[in-house]
Every structure is written in structure tokens, then in C-alpha cells.
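Contents: one structure, followed by commentary.
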Amino acid sequence: MCVMTKNKELQVAALENGTAIDHIPSEQLFNVVSLLEIEQLTTPVTIGYNLDSKKMGKKGILKIADKFFEEDEINRIALIAPQVKLNIIKDYEVVEKKLVSLPDELLGIVKCNNPVCITNNEPMKTRFKVINKDAVTLKCQYCEMQIAKEDIELL
Ligand SMILES: [Zn+2]
């Protein structure tokens with residue numbers, strides 16, 4: 001690692017224990033915050049927004065102290081930021097690196113685009129099956145409406 005990269009990483013405070021999520025597209029940063037329900041956490045969270053990235057131009061970083069996400073919690077961000085990298089940190093050391101992948105089912109995070117779907121008319125959680133993980137195609141379990149990646153609307 002060159003000195004410059006190291007200094008850049010230090011722009012965001014070092015984490016003693018917790019999860020660092022790197023390579024978040026800047027335009028998706030606050031959607032990721034919302035999908036991970038970070039506003040409900042009580043531990044310190046550092047948000048790095050519009051940081052310089054050689055690969056991406058601008059990127060976002062989240063450092064979440066004392067939080068280790070469950071697979072299905074973290075995998076939902078593959079919907080909007082499939083290229084993120086997760087570092088699990090213990091005692092200032094990266095003990096595990098993870099990538100995210102879409103889960104088979106998405107519960108309560110995507111809106112159904114069918115106006116007559118029961119989920120748009122009753123107070124209930126939406127439920128989608130991921131029918132194509134590469135192209136990101138979802139299918140509503142209630143009305144069978146299929147939603148392509150570009151039409152996905154988060155709740
Ligand atoms: Zn539906």
C-alpha cells in the first residue's frame with residue numbers, strides 16, 4: 001500500500017471494532033444508510049461522502065462501530081451497491097473481508113410497481129423473489145409483477 005492511499009484512508013477515523021463498508025457509489029451512500037437502518041443504531045457511525053477514489057472517481061465509506069451485520073441485513077445492499085467491500089474489524093485489524101450478494105428473497109425493502117398489488121393497498125410488507133441475480137430481476141410474491149433493476153424503487 002502506498003503512503004498516499006494510507007493517508008486517504010486515515011481521512012476517516014480508524015475503527016477499533018465493527019464493520020467498514022468501502023466502495024459505496026456516492027449517489028447510493030444515503031440509500032445504503034437507510035437500507036441498513038443505520039439511523040436506529042446507538043453506536044458511533046462515521047460517514048465518508050464523496051471521498052476520492054482512483055477506481056470510482058467519488059465514493060462513500062461507512063464505518064460502523066461495534067456492529068456486525070447478519071448476512072441478510074447486509075446482502076440487501078447488493079440491490080443498489082453490488083460492488084461494496086466489507087471489512088470486519090476487531091482490535092483495529094481486518095479479520096474478515098466480505099462481498100455482498102443478493103439474497104433469494106427481499107422482505108419489506110422494495111415497493112411493488114403494480115398499483116393494484118395488495119402490498120400497495122394494505123399495511124403489509126412487500127415480499128419479492130430474486131429471479132435473476134445477475135441482471136437483478138425481482139418478482140412480487142403476491143401479484144407476480146416482475147421488476148427490472150432500473151425500475152426498482154426502495155420503500
Ligand atoms: Zn405486487
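Residues in the C-alpha cells are named by chain (A, B, ... in the order shown) and by number from 1 within that chain; ligands are numbered from 1 in the order shown.
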List the spatial neighbours of A:Glu16 as a JSON list (two decimals) with N, CA, C and O atoms, in the first residue's frame - criterion: any atom at most 7 Å away, only C-alpha atoms, same-chain residues fewer than 6 positions off excluded.
[["chain", "number", "residue", "atom", "x", "y", "z"],
["A", 89, "ILE", "N", -13.76, -5.65, 11.41],
["A", 89, "ILE", "CA", -12.58, -5.19, 12.14],
["A", 89, "ILE", "C", -12.67, -5.54, 13.62],
["A", 89, "ILE", "O", -13.70, -5.30, 14.26],
["A", 90, "LYS", "N", -11.61, -6.15, 14.10],
["A", 90, "LYS", "CA", -11.51, -6.42, 15.54],
["A", 90, "LYS", "C", -10.13, -5.98, 16.01],
["A", 90, "LYS", "O", -9.13, -6.34, 15.39],
["A", 91, "ASP", "N", -10.09, -5.18, 17.08],
["A", 91, "ASP", "CA", -8.82, -4.66, 17.58],
["A", 91, "ASP", "C", -8.00, -3.95, 16.50],
["A", 91, "ASP", "O", -6.80, -4.19, 16.39],
["A", 92, "TYR", "N", -8.65, -3.13, 15.72],
["A", 92, "TYR", "CA", -8.03, -2.34, 14.65],
["A", 92, "TYR", "C", -7.50, -3.18, 13.49],
["A", 92, "TYR", "O", -6.87, -2.67, 12.58]]
Next on the checklist: Please find the residues contacting ligand 1 at a distance of at most 8 Å between atoms, with only C-alpha atoms and all ligand atoms counted, and report them as a VMD selection string.
Outcome noted: chain A and resid 112 to 120 126 139 to 145
Next on the checklist: Let's see if you can do this: from backbone DSSP, list all strand (DSSP E) residues in chain A, as a PyMOL selection string.
Outcome noted: chain A and resi 17-25+45-53+57-65+85-90+93-99+105-107+127-132+137-140+146-148
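In this comparison, which uses only C-alpha atoms, the residue of A:His23, A:Lys97, A:Lys125, A:Lys111 approaching A:Val84 most closely is A:His23.
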Next on the checklist: Env of A:Ile88: 10 Å cut, atoms = only C-alpha atoms, seq-sep filter 3 positions within chain, self excluded. Answer as a ChimeraX atom specification.
Outcome noted: /A:15,17-21,64,67-69,85,92-98
Next on the checklist: as a list of chain:residue names, please: every residue in chain A that DSSP puts in alpha helix (DSSP H).
Outcome noted: A:Val3, A:Met4, A:Thr5, A:Lys6, A:Asn7, A:Lys8, A:Glu9, A:Leu29, A:Phe30, A:Asn31, A:Val32, A:Val33, A:Ser34, A:Leu35, A:Glu71, A:Asp72, A:Glu73, A:Ile74, A:Asn75
Item to check | Contacts of A:Glu27 within 12 Å, only C-alpha atoms, excl. fewer than 2 positions in-chain, as a PyMOL selection string | outcome: chain A and resi 23-25+29-33+49-51+56-61+80-81
Checklist entry - Within 9 Å of stretch 74-76 of chain A, counting only C-alpha atoms, which residues qualify if same-chain residues fewer than 4 places away don't, as number ranges by chain? => result A: 35-36, 69-70, 80, 82, 99-103, 106, 109
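Nearest residue to A:Gln83 among A:Ala65, A:Lys55, A:Leu138, A:Pro123 is A:Lys55, counting only C-alpha atoms.
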